[in-house]
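Dropping coords-v9.cif in here (mmCIF, C-alpha atoms):
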data_structure
loop_
_atom_site.label_atom_id
_atom_site.label_comp_id
_atom_site.auth_asym_id
_atom_site.auth_seq_id
_atom_site.Cartn_x
_atom_site.Cartn_y
_atom_site.Cartn_z
CA MET A 1 46.68 -131.53 36.12
CA ASP A 2 45.99 -128.13 37.62
CA ALA A 3 43.63 -126.00 35.54
CA LEU A 4 45.83 -122.92 35.85
CA ALA A 5 48.95 -124.83 34.82
CA SER A 6 47.48 -125.60 31.40
CA ILE A 7 46.92 -121.95 30.45
CA SER A 8 49.47 -119.28 29.64
CA PRO A 9 51.23 -117.47 32.50
CA LYS A 10 49.81 -114.11 31.40
CA MET A 11 46.26 -115.41 31.55
CA ALA A 12 46.90 -117.06 34.92
CA ALA A 13 48.20 -113.76 36.26
CA SER A 14 45.15 -111.90 34.99
CA LEU A 15 42.82 -114.49 36.51
CA THR A 16 44.46 -114.16 39.91
CA GLN A 17 44.11 -110.39 39.71
CA ILE A 18 40.33 -110.71 39.35
CA ASP A 19 40.17 -111.64 43.03
CA ASN A 20 41.82 -108.33 43.95
CA ARG A 21 39.39 -106.12 42.05
CA PRO A 22 37.08 -105.32 44.98
CA THR A 23 40.00 -104.34 47.20
CA ASP A 24 41.62 -102.39 44.37
CA LEU A 25 38.34 -100.62 43.71
CA ARG A 26 37.97 -99.75 47.39
CA ALA A 27 41.55 -98.42 47.56
CA ALA A 28 41.04 -96.32 44.42
CA ALA A 29 37.77 -94.93 45.78
CA GLU A 30 39.43 -93.95 49.05
CA GLN A 31 42.27 -92.28 47.15
CA PHE A 32 39.72 -90.36 45.10
CA GLU A 33 38.04 -89.21 48.29
CA ALA A 34 41.43 -88.03 49.58
CA LEU A 35 41.99 -86.19 46.30
CA PHE A 36 38.60 -84.52 46.65
CA ILE A 37 39.42 -83.35 50.19
CA HIS A 38 42.82 -82.15 48.99
CA GLN A 39 41.15 -80.02 46.33
CA LEU A 40 38.81 -78.57 48.95
CA LEU A 41 41.77 -77.64 51.15
CA LYS A 42 43.66 -76.21 48.18
CA GLN A 43 40.74 -74.02 47.13
CA ALA A 44 40.16 -72.87 50.69
CA ARG A 45 43.82 -71.91 51.02
CA SER A 46 43.79 -70.04 47.69
CA ALA A 47 40.92 -67.87 48.95
CA LYS A 48 43.17 -66.10 51.45
CA LEU A 49 42.62 -62.38 51.78
CA ALA A 50 46.23 -61.23 52.03
CA ASP A 51 49.64 -62.51 51.02
CA ASP A 52 51.84 -64.08 53.63
CA ILE A 53 54.69 -61.78 54.68
CA LEU A 54 57.15 -64.65 54.86
CA GLY A 55 55.70 -66.48 51.86
CA SER A 56 58.09 -68.27 49.54
CA GLU A 57 58.04 -71.00 46.95
CA ALA A 58 59.51 -73.45 49.46
CA GLY A 59 56.79 -72.56 51.94
CA ASP A 60 54.15 -73.08 49.27
CA THR A 61 55.60 -76.50 48.44
CA TYR A 62 55.60 -77.46 52.12
CA THR A 63 52.01 -76.28 52.50
CA GLU A 64 50.97 -78.31 49.45
CA MET A 65 52.56 -81.47 50.86
CA LEU A 66 51.00 -80.80 54.25
CA ASP A 67 47.58 -80.42 52.65
CA GLN A 68 48.04 -83.73 50.81
CA GLU A 69 48.85 -85.53 54.06
CA ARG A 70 45.97 -83.83 55.86
CA ALA A 71 43.63 -84.92 53.07
CA LYS A 72 44.79 -88.54 53.40
CA GLN A 73 44.30 -88.45 57.17
CA LEU A 74 40.91 -86.76 56.93
CA SER A 75 39.67 -89.23 54.33
CA ALA A 76 40.73 -92.10 56.59
CA GLN A 77 39.00 -90.57 59.64
CA MET A 78 35.91 -89.01 58.07
CA ASN A 79 33.25 -90.68 56.00
CA LEU A 80 32.03 -88.35 53.29
CA GLY A 81 30.33 -91.18 51.44
CA ILE A 82 32.19 -90.54 48.21
CA ALA A 83 34.20 -93.76 48.40
CA GLU A 84 31.11 -95.84 49.15
CA ALA A 85 29.22 -94.26 46.26
CA LEU A 86 32.08 -95.02 43.87
CA VAL A 87 32.35 -98.62 45.07
CA LYS A 88 28.60 -99.08 44.59
CA GLN A 89 28.68 -97.42 41.18
CA PHE A 90 31.62 -99.34 39.77
CA GLY A 91 31.28 -102.53 41.76
CA GLY A 92 27.91 -103.61 40.39
CA ILE A 93 25.99 -103.05 43.63
CA ALA A 94 24.15 -100.11 42.10
CA GLU A 95 22.47 -102.46 39.60
CA ASP A 96 20.90 -104.43 42.46
CA ASN A 97 19.56 -101.22 44.01
CA SER A 98 18.10 -100.00 40.71
CA SER A 99 16.18 -103.27 40.23
CA ASP A 100 14.78 -102.87 43.77
CA ARG A 101 13.66 -99.33 42.92
CA GLU A 102 11.92 -100.58 39.76
CA LYS A 103 10.04 -103.18 41.79
CA ILE A 104 8.89 -100.51 44.26
CA ALA A 105 7.86 -98.17 41.43
CA ASN A 106 5.82 -100.91 39.75
CA ASP A 107 3.92 -101.76 42.97
#
Let me see the file written as structure tokens.
Amino acid sequence: MDALASISPKMAASLTQIDNRPTDLRAAAEQFEALFIHQLLKQARSAKLADDILGSEAGDTYTEMLDQERAKQLSAQMNLGIAEALVKQFGGIAEDNSSDREKIAND
């Protein structure tokens, strides 16, 4: 009998999701990097020196959506290193690096 068939469906579903964790972590890290770039664009735009003559709430909404799309595109094209740092931090790779640093420090 199959090992997964003998356990509950909820547990089987959770066990199959474990395989997706590295890809889910990578996707979340890339989305965080896009969010970071979006905040940079938003703050840069808020630092304008004068109000737009034709400014409106609809224009502001459009600009906000445009900045979100630009942030997604920039995060896909540029490598700021934020996503990699998050994957290392939450993926367990950072523990391997810290043990290497301890070995170097002890030598």
(message) For this structure, which residues satisfy the selection - the PyMOL selection byres ((chain A and resi 74-80) around 10) - when it is evaluated on the file as given? I want them as a VMD selection string.
(response) chain A and resid 30 to 38 68 to 73 81 to 85
(request) Give me, please, the distance in Å between CA of Ala29 in chain A and CA of Val87 in chain A, quoted to one decimal. (result)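 These two atoms are separated by 6.6 Å.
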(message) To one decimal place in Å, what is the distance between CA of Asp67 in chain A and CA of Lys42 in chain A?
(response)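 Those two atoms sit 7.3 Å apart.
The space separating CA of Gly91 in chain A from CA of Gln39 in chain A comes to 25.0 Å.
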(message) Which residue is closest to Arg26 in chain A? Choose from A:Gln89, A:Ser46, A:Thr61, A:Ser56 and count only C-alpha atoms.
(response) A:Gln89
